[in-house]
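Colleague: Contents of data-v2.txt (compact mmCIF, C-alpha atoms) are below:
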# COMPACT_ATOMS: atom_id res chain seq x y z
CA MET A 1252 -5.09 17.89 -21.19
CA THR A 1253 -7.48 20.79 -21.32
CA ASN A 1254 -6.89 22.49 -17.96
CA SER A 1255 -4.90 22.20 -14.75
CA LYS A 1256 -7.75 21.39 -12.34
CA PRO A 1257 -7.72 17.69 -11.37
CA LEU A 1258 -10.83 15.65 -12.02
CA VAL A 1259 -9.92 13.04 -9.42
CA GLU A 1260 -7.68 13.46 -6.38
CA SER A 1261 -6.74 11.38 -3.39
CA LYS A 1262 -5.32 12.64 -0.11
CA ALA A 1263 -3.25 10.38 2.17
CA LEU A 1264 -5.07 7.39 0.70
CA THR A 1265 -4.51 3.93 2.17
CA VAL A 1266 -6.03 0.97 0.33
CA GLY A 1267 -6.39 -2.64 1.35
CA TYR A 1268 -8.88 -4.95 3.03
CA LYS A 1269 -10.68 -5.01 6.35
CA SER A 1270 -11.92 -8.11 8.07
CA ARG A 1271 -13.49 -8.41 11.48
CA ASN A 1272 -10.21 -8.58 13.36
CA LYS A 1273 -7.61 -7.53 10.84
CA VAL A 1274 -6.67 -4.72 8.47
CA SER A 1275 -4.49 -5.69 5.52
CA THR A 1276 -2.81 -2.64 4.01
CA VAL A 1277 -1.77 -2.92 0.36
CA LEU A 1278 -0.75 0.69 -0.42
CA ALA A 1279 -0.51 3.67 1.90
CA GLY A 1280 -0.11 7.44 1.85
CA LEU A 1281 -1.13 7.98 -1.78
CA ASP A 1282 -1.62 11.53 -3.05
CA LEU A 1283 -2.88 11.13 -6.60
CA SER A 1284 -4.46 13.33 -9.23
CA ILE A 1285 -5.62 13.00 -12.82
CA LEU A 1286 -6.37 15.83 -15.22
CA PRO A 1287 -8.96 16.12 -18.00
CA GLY A 1288 -7.70 14.48 -21.18
CA GLU A 1289 -4.89 12.63 -19.38
CA PHE A 1290 -4.02 9.04 -20.26
CA VAL A 1291 -2.56 7.33 -17.17
CA CYS A 1292 -1.16 3.79 -17.27
CA LEU A 1293 -0.91 1.92 -13.96
CA LEU A 1294 1.98 -0.55 -14.04
CA GLY A 1295 3.41 -3.09 -11.64
CA PRO A 1296 3.97 -6.82 -11.05
CA ASN A 1297 1.12 -9.22 -10.29
CA GLY A 1298 -0.28 -8.96 -6.77
CA ILE A 1299 1.18 -5.50 -6.18
CA GLY A 1300 -2.21 -3.80 -5.64
CA LYS A 1301 -3.25 -2.37 -9.01
CA SER A 1302 -6.77 -3.80 -8.92
CA THR A 1303 -7.21 -2.85 -5.28
CA LEU A 1304 -6.25 0.74 -6.04
CA LEU A 1305 -8.63 1.00 -9.00
CA ARG A 1306 -11.50 -0.55 -7.08
CA THR A 1307 -10.93 1.93 -4.27
CA LEU A 1308 -10.72 4.95 -6.59
CA SER A 1309 -14.00 3.88 -8.17
CA ALA A 1310 -15.71 3.46 -4.75
CA ILE A 1311 -16.30 -0.26 -5.33
CA GLN A 1312 -14.49 -0.87 -2.05
CA PRO A 1313 -13.88 1.67 0.73
CA PRO A 1314 -10.46 3.08 1.57
CA ILE A 1315 -8.82 2.14 4.85
CA LYS A 1316 -7.73 5.73 5.38
CA GLY A 1317 -7.72 8.99 3.47
CA SER A 1318 -10.13 10.59 1.03
CA ILE A 1319 -10.95 10.55 -2.68
CA TYR A 1320 -12.43 13.53 -4.47
CA ILE A 1321 -14.06 13.90 -7.85
CA HIS A 1322 -14.66 17.46 -8.97
CA ARG A 1323 -13.44 18.35 -5.45
CA ARG A 1324 -16.36 16.52 -3.86
CA ASN A 1325 -15.66 13.61 -1.55
CA ILE A 1326 -16.98 10.49 -3.27
CA ARG A 1327 -18.46 9.35 0.04
CA SER A 1328 -20.89 12.26 -0.21
CA LEU A 1329 -22.11 11.24 -3.66
CA LYS A 1330 -25.03 8.97 -4.42
CA SER A 1331 -24.19 6.01 -6.62
CA SER A 1332 -26.13 7.55 -9.51
CA GLN A 1333 -24.20 10.82 -9.15
CA LEU A 1334 -20.88 8.99 -9.11
CA ALA A 1335 -21.89 6.89 -12.15
CA CYS A 1336 -22.55 10.07 -14.13
CA SER A 1337 -18.96 11.18 -13.56
CA LEU A 1338 -16.97 7.96 -13.44
CA SER A 1339 -17.22 4.68 -15.37
CA VAL A 1340 -15.42 1.39 -14.77
CA VAL A 1341 -14.38 -1.55 -16.93
CA LEU A 1342 -13.19 -4.51 -14.85
CA THR A 1343 -11.61 -7.84 -15.78
CA ASP A 1344 -14.83 -9.75 -15.05
CA ARG A 1345 -15.87 -11.67 -18.15
CA LEU A 1346 -19.23 -10.61 -19.60
CA ASP A 1347 -21.55 -13.61 -19.92
CA VAL A 1348 -25.10 -12.69 -20.92
CA ASP A 1349 -27.56 -14.23 -23.33
CA GLY A 1350 -30.11 -12.62 -25.58
CA LEU A 1351 -28.62 -9.12 -25.54
CA THR A 1352 -27.14 -7.39 -28.54
CA SER A 1353 -24.09 -5.19 -28.40
CA TYR A 1354 -26.39 -2.19 -28.72
CA ASN A 1355 -28.33 -3.36 -25.63
CA ILE A 1356 -25.11 -3.60 -23.63
CA VAL A 1357 -24.03 -0.08 -24.56
CA GLU A 1358 -27.55 1.15 -23.68
CA LEU A 1359 -26.89 0.09 -20.09
CA GLY A 1360 -24.41 2.93 -19.83
CA ARG A 1361 -27.23 5.46 -20.08
CA TYR A 1362 -29.24 4.25 -17.08
CA PRO A 1363 -27.48 6.48 -14.51
CA HIS A 1364 -28.92 9.40 -16.49
CA THR A 1365 -32.47 8.11 -17.02
CA GLY A 1366 -33.85 7.93 -13.49
CA TRP A 1367 -35.88 5.12 -12.00
CA ARG A 1368 -38.09 4.68 -15.10
CA GLY A 1369 -35.13 3.72 -17.25
CA HIS A 1370 -36.63 5.17 -20.42
CA LEU A 1371 -34.08 6.20 -23.03
CA SER A 1372 -34.82 9.42 -24.86
CA PRO A 1373 -33.84 10.14 -28.48
CA GLN A 1374 -30.83 12.00 -27.06
CA ASP A 1375 -29.84 8.94 -25.02
CA HIS A 1376 -30.00 6.78 -28.15
CA ALA A 1377 -27.91 9.34 -30.00
CA ILE A 1378 -25.24 9.06 -27.29
CA VAL A 1379 -25.38 5.25 -27.48
CA ARG A 1380 -24.84 5.38 -31.24
CA TRP A 1381 -21.98 7.85 -30.78
CA ALA A 1382 -20.31 5.61 -28.17
CA ILE A 1383 -20.57 2.57 -30.47
CA SER A 1384 -19.10 4.56 -33.34
CA ALA A 1385 -16.35 6.02 -31.13
CA VAL A 1386 -15.06 2.55 -30.28
CA GLY A 1387 -15.24 1.42 -33.91
CA ALA A 1388 -18.05 -1.07 -33.32
CA ASP A 1389 -20.85 0.01 -35.68
CA HIS A 1390 -20.66 -3.37 -37.41
CA LEU A 1391 -21.17 -5.14 -34.07
CA ALA A 1392 -24.24 -3.24 -32.85
CA SER A 1393 -26.85 -5.81 -33.86
CA ARG A 1394 -24.86 -8.91 -32.97
CA ASN A 1395 -25.48 -10.98 -29.85
CA VAL A 1396 -22.72 -10.14 -27.39
CA ASN A 1397 -22.02 -13.84 -26.75
CA GLU A 1398 -21.04 -14.22 -30.40
CA LEU A 1399 -18.26 -11.66 -30.16
CA SER A 1400 -14.53 -12.30 -29.90
CA ASP A 1401 -12.69 -11.14 -26.78
CA GLY A 1402 -11.44 -8.03 -28.57
CA GLU A 1403 -14.88 -7.17 -29.94
CA ARG A 1404 -16.47 -7.71 -26.53
CA GLN A 1405 -13.93 -5.40 -24.92
CA ARG A 1406 -14.81 -2.67 -27.43
CA ILE A 1407 -18.47 -3.00 -26.48
CA LEU A 1408 -17.71 -2.80 -22.75
CA ILE A 1409 -15.66 0.34 -23.33
CA GLY A 1410 -18.57 1.67 -25.41
CA ARG A 1411 -20.92 1.01 -22.50
CA ALA A 1412 -18.59 2.88 -20.14
CA LEU A 1413 -18.30 5.70 -22.65
CA ALA A 1414 -22.09 5.93 -22.99
CA GLN A 1415 -22.22 6.92 -19.33
CA ASP A 1416 -20.73 10.21 -20.55
CA PRO A 1417 -18.16 10.16 -17.74
CA GLN A 1418 -15.32 12.54 -17.09
CA VAL A 1419 -13.11 9.68 -15.87
CA MET A 1420 -12.86 6.07 -17.02
CA LEU A 1421 -11.04 3.41 -14.97
CA LEU A 1422 -10.08 0.16 -16.67
CA ASP A 1423 -8.52 -2.85 -14.94
CA GLU A 1424 -6.38 -4.76 -17.44
CA PRO A 1425 -8.90 -4.53 -20.30
CA THR A 1426 -6.39 -6.07 -22.74
CA ALA A 1427 -5.33 -9.00 -20.55
CA PHE A 1428 -6.96 -11.72 -22.69
CA LEU A 1429 -6.43 -10.15 -26.10
CA ASP A 1430 -4.00 -10.90 -28.90
CA ILE A 1431 -1.28 -8.39 -29.74
CA ARG A 1432 -3.25 -6.65 -32.49
CA SER A 1433 -6.31 -6.20 -30.27
CA ARG A 1434 -4.14 -4.96 -27.38
CA VAL A 1435 -2.61 -2.30 -29.59
CA GLU A 1436 -6.01 -1.31 -31.03
CA ILE A 1437 -7.70 -1.01 -27.61
CA THR A 1438 -4.80 0.97 -26.15
CA GLY A 1439 -4.79 3.25 -29.18
CA LEU A 1440 -8.54 3.67 -28.89
CA LEU A 1441 -8.33 4.76 -25.26
CA ARG A 1442 -5.54 7.21 -26.02
CA ARG A 1443 -7.49 8.63 -28.95
CA LEU A 1444 -10.56 9.19 -26.73
CA THR A 1445 -8.49 11.29 -24.34
CA ARG A 1446 -7.30 13.38 -27.29
CA GLU A 1447 -10.68 13.87 -28.94
CA THR A 1448 -12.61 14.56 -25.71
CA SER A 1449 -11.73 15.74 -22.22
CA LEU A 1450 -12.08 12.18 -20.92
CA ALA A 1451 -9.40 11.11 -18.46
CA VAL A 1452 -8.38 7.43 -18.47
CA ILE A 1453 -6.65 5.34 -15.81
CA PHE A 1454 -5.66 2.06 -17.39
CA SER A 1455 -3.89 -0.80 -15.61
CA THR A 1456 -1.88 -3.12 -17.81
CA HIS A 1457 1.00 -5.60 -17.87
CA ASP A 1458 2.00 -4.47 -21.35
CA LEU A 1459 4.90 -2.31 -20.20
CA GLU A 1460 6.39 -1.56 -23.61
CA LEU A 1461 3.07 -0.43 -25.09
CA ALA A 1462 2.27 1.68 -22.02
CA LEU A 1463 5.61 3.48 -22.21
CA ARG A 1464 4.92 4.38 -25.84
CA THR A 1465 1.39 5.73 -25.29
CA ALA A 1466 0.82 7.02 -21.75
CA ASP A 1467 0.96 10.66 -20.70
CA THR A 1468 1.70 9.61 -17.14
CA ILE A 1469 2.85 6.36 -15.53
CA TRP A 1470 1.80 5.27 -12.05
CA LEU A 1471 4.47 2.68 -11.27
CA LEU A 1472 3.91 0.33 -8.34
CA SER A 1473 6.99 -1.45 -7.03
CA PRO A 1474 7.45 -4.13 -4.34
CA GLY A 1475 7.09 -2.69 -0.86
CA GLY A 1476 4.08 -0.58 -1.83
CA ILE A 1477 6.16 2.16 -3.44
CA LEU A 1478 4.34 4.32 -5.99
CA THR A 1479 6.38 6.40 -8.43
CA ILE A 1480 4.61 8.88 -10.72
CA GLY A 1481 6.04 10.58 -13.79
CA GLY A 1482 6.23 10.75 -17.55
CA PRO A 1483 7.38 7.54 -19.27
CA GLU A 1484 10.68 9.04 -20.42
CA ASP A 1485 11.53 10.42 -16.97
CA LEU A 1486 10.87 7.08 -15.26
CA MET A 1487 13.11 5.34 -17.79
CA LEU A 1488 15.77 8.02 -17.44
CA ASP A 1489 15.98 7.84 -13.64
CA GLY A 1490 16.02 4.03 -13.61
CA SER A 1491 12.63 3.54 -11.93
CA VAL A 1492 11.29 1.25 -14.66
CA SER A 1493 14.46 -0.85 -14.83
CA LYS A 1494 14.49 -1.24 -11.05
CA ALA A 1495 10.82 -2.21 -10.82
CA PHE A 1496 11.08 -4.92 -13.47
CA TRP A 1497 14.59 -6.26 -12.92
CA GLY A 1498 14.92 -10.01 -12.43
CA GLU A 1499 17.57 -12.70 -12.53
CA THR A 1500 16.52 -13.76 -16.01
CA LEU A 1501 15.00 -10.53 -17.33
CA SER A 1502 15.85 -6.85 -17.42
CA PHE A 1503 14.45 -3.73 -19.05
CA ASN A 1504 16.59 -1.89 -21.58
CA PRO A 1505 15.55 1.80 -21.56
CA HIS A 1506 17.50 2.53 -24.75
CA GLU A 1507 15.26 0.16 -26.68
CA ARG A 1508 12.20 0.44 -24.41
CA SER A 1509 12.02 -3.34 -24.31
CA PHE A 1510 12.87 -6.37 -22.17
CA HIS A 1511 16.06 -8.39 -22.58
CA ILE A 1512 16.44 -11.98 -21.48
CA HIS A 1513 19.68 -12.68 -19.64
CA GLN A 1514 21.67 -15.40 -21.36
CA ASP A 1515 25.02 -17.07 -20.82
CA ASN A 1516 27.68 -15.13 -22.68
CA THR A 1517 28.70 -17.29 -25.64
CA GLY A 1518 31.30 -14.86 -26.91
CA THR A 1519 31.69 -11.46 -28.51
CA ALA A 1520 30.52 -10.29 -31.91
CA SER A 1521 30.94 -7.19 -33.98
CA VAL A 1522 28.52 -6.11 -36.69
CA LYS A 1523 29.34 -3.67 -39.46
CA GLY A 1524 26.63 -2.07 -41.60
CA GLU A 1525 23.58 0.13 -41.45
CA GLY A 1526 19.84 0.13 -41.97
CA LEU A 1527 17.15 -2.27 -40.81
CA THR A 1528 19.11 -5.39 -41.80
CA TYR A 1529 21.99 -4.24 -39.59
CA THR A 1530 19.67 -3.62 -36.62
CA LEU A 1531 17.95 -7.00 -36.94
CA ALA A 1532 21.27 -8.79 -37.51
CA ARG A 1533 22.47 -7.46 -34.15
CA ALA A 1534 19.24 -8.67 -32.56
CA ALA A 1535 19.64 -12.15 -34.05
CA ILE A 1536 23.21 -12.45 -32.79
CA GLU A 1537 22.34 -11.15 -29.31
CA ARG A 1538 19.57 -13.75 -29.21
CA MET A 1539 22.27 -16.37 -29.57
CA GLY A 1540 23.95 -15.05 -26.40
CA TYR A 1541 26.68 -12.88 -27.92
CA ARG A 1542 27.81 -9.54 -26.51
CA ILE A 1543 28.08 -6.91 -29.24
CA VAL A 1544 31.40 -5.00 -29.32
CA ASN A 1545 33.03 -2.47 -31.60
CA TYR A 1546 34.33 -3.84 -34.88
CA SER A 1547 37.36 -5.99 -34.25
CA GLU A 1548 39.91 -7.99 -36.22
CA ASP A 1549 40.30 -10.43 -33.32
CA PRO A 1550 39.70 -13.90 -34.85
CA SER A 1551 37.94 -15.09 -31.67
CA THR A 1552 35.27 -12.42 -32.21
CA LEU A 1553 32.44 -13.28 -34.55
CA ARG A 1554 32.69 -10.60 -37.25
CA VAL A 1555 29.66 -9.83 -39.38
CA GLU A 1556 29.35 -7.47 -42.34
CA ILE A 1557 25.94 -6.46 -43.68
CA ARG A 1558 25.60 -6.03 -47.41
CA GLU A 1559 22.35 -4.08 -47.79
CA GLY A 1560 20.64 -4.42 -51.16
CA ASP A 1561 22.63 -7.43 -52.33
CA ASP A 1562 21.29 -10.94 -52.89
CA VAL A 1563 23.75 -12.08 -50.22
CA ILE A 1564 22.85 -9.83 -47.27
CA TRP A 1565 25.57 -10.86 -44.81
CA GLN A 1566 28.99 -12.39 -44.58
CA ALA A 1567 30.64 -13.52 -41.36
CA TYR A 1568 34.04 -14.64 -40.15
CA HIS A 1569 35.06 -16.64 -37.11
CA GLN A 1570 38.54 -18.04 -36.67
CA GLU A 1571 39.25 -19.62 -40.09
CA ILE A 1572 35.58 -20.09 -40.95
CA ARG A 1573 33.85 -17.80 -43.45
CA ARG A 1574 30.14 -17.91 -44.29
CA GLN A 1575 27.59 -15.80 -46.12
CA GLY A 1576 23.83 -15.95 -46.43
CA LYS A 1577 20.60 -14.62 -47.86
CA ASN A 1578 18.59 -14.32 -44.63
CA LEU A 1579 19.11 -13.68 -40.93
CA THR A 1580 17.98 -17.14 -39.84
CA GLN A 1581 21.08 -18.49 -41.56
CA LEU A 1582 23.16 -15.90 -39.70
CA ALA A 1583 21.68 -16.91 -36.33
CA ASN A 1584 22.33 -20.57 -37.06
CA PHE A 1585 25.94 -19.84 -38.00
CA ALA A 1586 26.44 -17.79 -34.84
CA ARG A 1587 25.10 -20.66 -32.75
CA SER A 1588 27.31 -23.21 -34.51
CA VAL A 1589 30.55 -21.33 -33.71
CA ALA A 1590 29.58 -20.25 -30.19
CA GLN A 1591 32.35 -20.70 -27.64
Spit out the file's structure as C-alpha cells when you get a sec.
Modeller:
Amino acid sequence: MTNSKPLVESKALTVGYKSRNKVSTVLAGLDLSILPGEFVCLLGPNGIGKSTLLRTLSAIQPPIKGSIYIHRRNIRSLKSSQLACSLSVVLTDRLDVDGLTSYNIVELGRYPHTGWRGHLSPQDHAIVRWAISAVGADHLASRNVNELSDGERQRILIGRALAQDPQVMLLDEPTAFLDIRSRVEITGLLRRLTRETSLAVIFSTHDLELALRTADTIWLLSPGGILTIGGPEDLMLDGSVSKAFWGETLSFNPHERSFHIHQDNTGTASVKGEGLTYTLARAAIERMGYRIVNYSEDPSTLRVEIREGDDVIWQAYHQEIRRQGKNLTQLANFARSVAQ
C-alpha cells in the first residue's frame, strides 16, 4: 500500500433496492475505505449482500442513502467515461460472444480512454499487450474467446479490466466456477497485481481459507447486515470468522485456518510422533470421528505411534488389538473398525 490516502470511500452508505412502493435495505451505515495497493476480500454467506455492495460501489446501482467517493470526488458527479478510467469491474455474468479473439476482448478495456471515435493508438495497443502479459495470457491472445476454458476466460476478463488502467478493480466472485488450481492462480494473480502496481482490488469470494491466506484486509458480512473489517489474523483472533461461519454441522478452526465437520464422537485417540506423517495421521483419525487427547495408556483409547522413515509407518493399539501399516488409509480403516 503506497500511501495513506484512500482511493475509494463511502460515508453512511446504505445499499439495497428501491421499487415503486418499497425500499429493501440490505446493508446500512457503511463507512468504508480502500487504499492504493490494498487487496480486500469480501466474505459472507450467500444472499448476505456482497454483490449488492459491489454493484453499488461501482455505480451500477444507486445507493439508498449515503455517498461514495473516488479520489474524494462523489461518483454521482462523474461521467461514466470518467468513472471507467478510474474503476473497473468484473462481474459473475458469463461472457458469451462469437468471432472475437481474446485480444479483442482486452481491447475493449481501452475504450473509456479513446473518445467517441474508438481508435486505439500505438500506446493503447501497448497497454493491451501489457495487460494480457500481466495476467499470464500471451498464449491466449489470438484464440477465439468462446474456445477458452473458464479459468482462461476469467484471465482475459481481468485483462480487459486491467487494460482500463484503473486505480480500483472490483470483482464479484471471479473464481466461483473454477477448479481449485485456477482459483488459487487467479487469487494469486490479483494479489500480485496489487504488489507490482498501486492497483487496489476488492474481491468477493466464498473461498474463505484462501482469502484468509492472501488478503490484506477482510470485509466480513454476517447475518443481520453486520460488517466487520480487519486483518485476517485479527478477525480470527477475536472470533469474528468463527462466529460468522458457525453451523450445526460445520465450524471454523482458527488454529488451522480451515473448516471442521462436526461428527459424532466415536471415542478418544492419542497419537505419538512428529513430522508430516504425524500431522496427517491425526487428520485421518479425526476424520473417523475421534477426539485427539494426550498420549494415554488407557486401553479404551486408540493409541497410535508414528514410525517416520520406516517401511511400516504406524502401529496402533486398541484394547487387546494391535495393528500396523504402510499407509494412512490402512490406519483410518483400522480406526473405523474399532470405533466405539
Colleague: Looking at only C-alpha atoms, which of A:Thr1468, A:Gln1374, A:Ser1270, A:Asn1504 is the one that sits closest to A:Ala1451?
Modeller: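 Selected residue with least distance to A:Ala1451: A:Thr1468.
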Colleague: Given all atoms listed in the file as the basis, pick out the residue of A:Pro1425, A:Gly1317, A:Pro1287, A:Pro1474 nearest to A:Val1259.
Modeller: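 Comparing A:Pro1425, A:Gly1317, A:Pro1287, A:Pro1474 against A:Val1259, the winner is A:Pro1287.
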Colleague: Please provide the set of residues having any atom within 9 Å of A:Ser1302, restricted to all atoms listed in the file, with same-chain residues fewer than 5 positions apart removed, written as a list in words.
Modeller: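 What passes the distance filter is Thr1307, Leu1342, Asp1423, Glu1424 and Ser1455 of chain A.
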Colleague: As an exercise, work out the distance from atom CA of A:Ala1377 to atom CA of A:Glu1289 in Å and give it to one decimal place.
Modeller: 25.6 Å
Colleague: Tell me, in Å to one decimal, how far atom CA of A:Gly1410 is from atom CA of A:Gly1288.
Modeller: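 Rounded to one decimal, the two atoms are 17.3 Å apart.
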Colleague: Enter the distance from atom CA of A:Ala1414 to atom CA of A:Val1357, in Å, rounded to one decimal.
Modeller: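 So the answer is 6.5 Å.
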Colleague: With distances taken over only C-alpha atoms, which of A:Leu1304, A:Ile1407, A:Leu1294, A:Cys1336 is nearest to A:Ser1491?
Modeller: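 Closest to A:Ser1491 of all the choices is A:Leu1294.
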Colleague: Any idea what's packed within 9 Å of A:Gly1518, counting only C-alpha atoms, ignoring anything in its chain fewer than 2 positions away? Could you give it as a list in words?
Modeller: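 So the residues in contact are Asn1516, Ala1520, Gly1540, Tyr1541, Arg1542, Ile1543, Ser1551, Thr1552, Leu1553, Ala1590 and Gln1591 of chain A.
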Colleague: Quick one: of A:Gln1566, A:His1511, A:Ile1321, A:Lys1494, who's nearest to A:Tyr1529, counting all atoms listed in the file?
Modeller: A:Gln1566
Colleague: Kindly indicate which residue among A:Thr1500, A:Thr1343, A:Thr1303, A:Ser1337 lies nearest to A:Ile1512, using only C-alpha atoms for the distances.
Modeller: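 Looking at the shortest contact to A:Ile1512, the residue is A:Thr1500.
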Colleague: Out of A:Ile1564, A:Leu1472, A:Leu1501, A:Val1348, which residue has the shortest atom-to-atom distance to A:Lys1523 when counting all atoms listed in the file?
Modeller: A:Ile1564
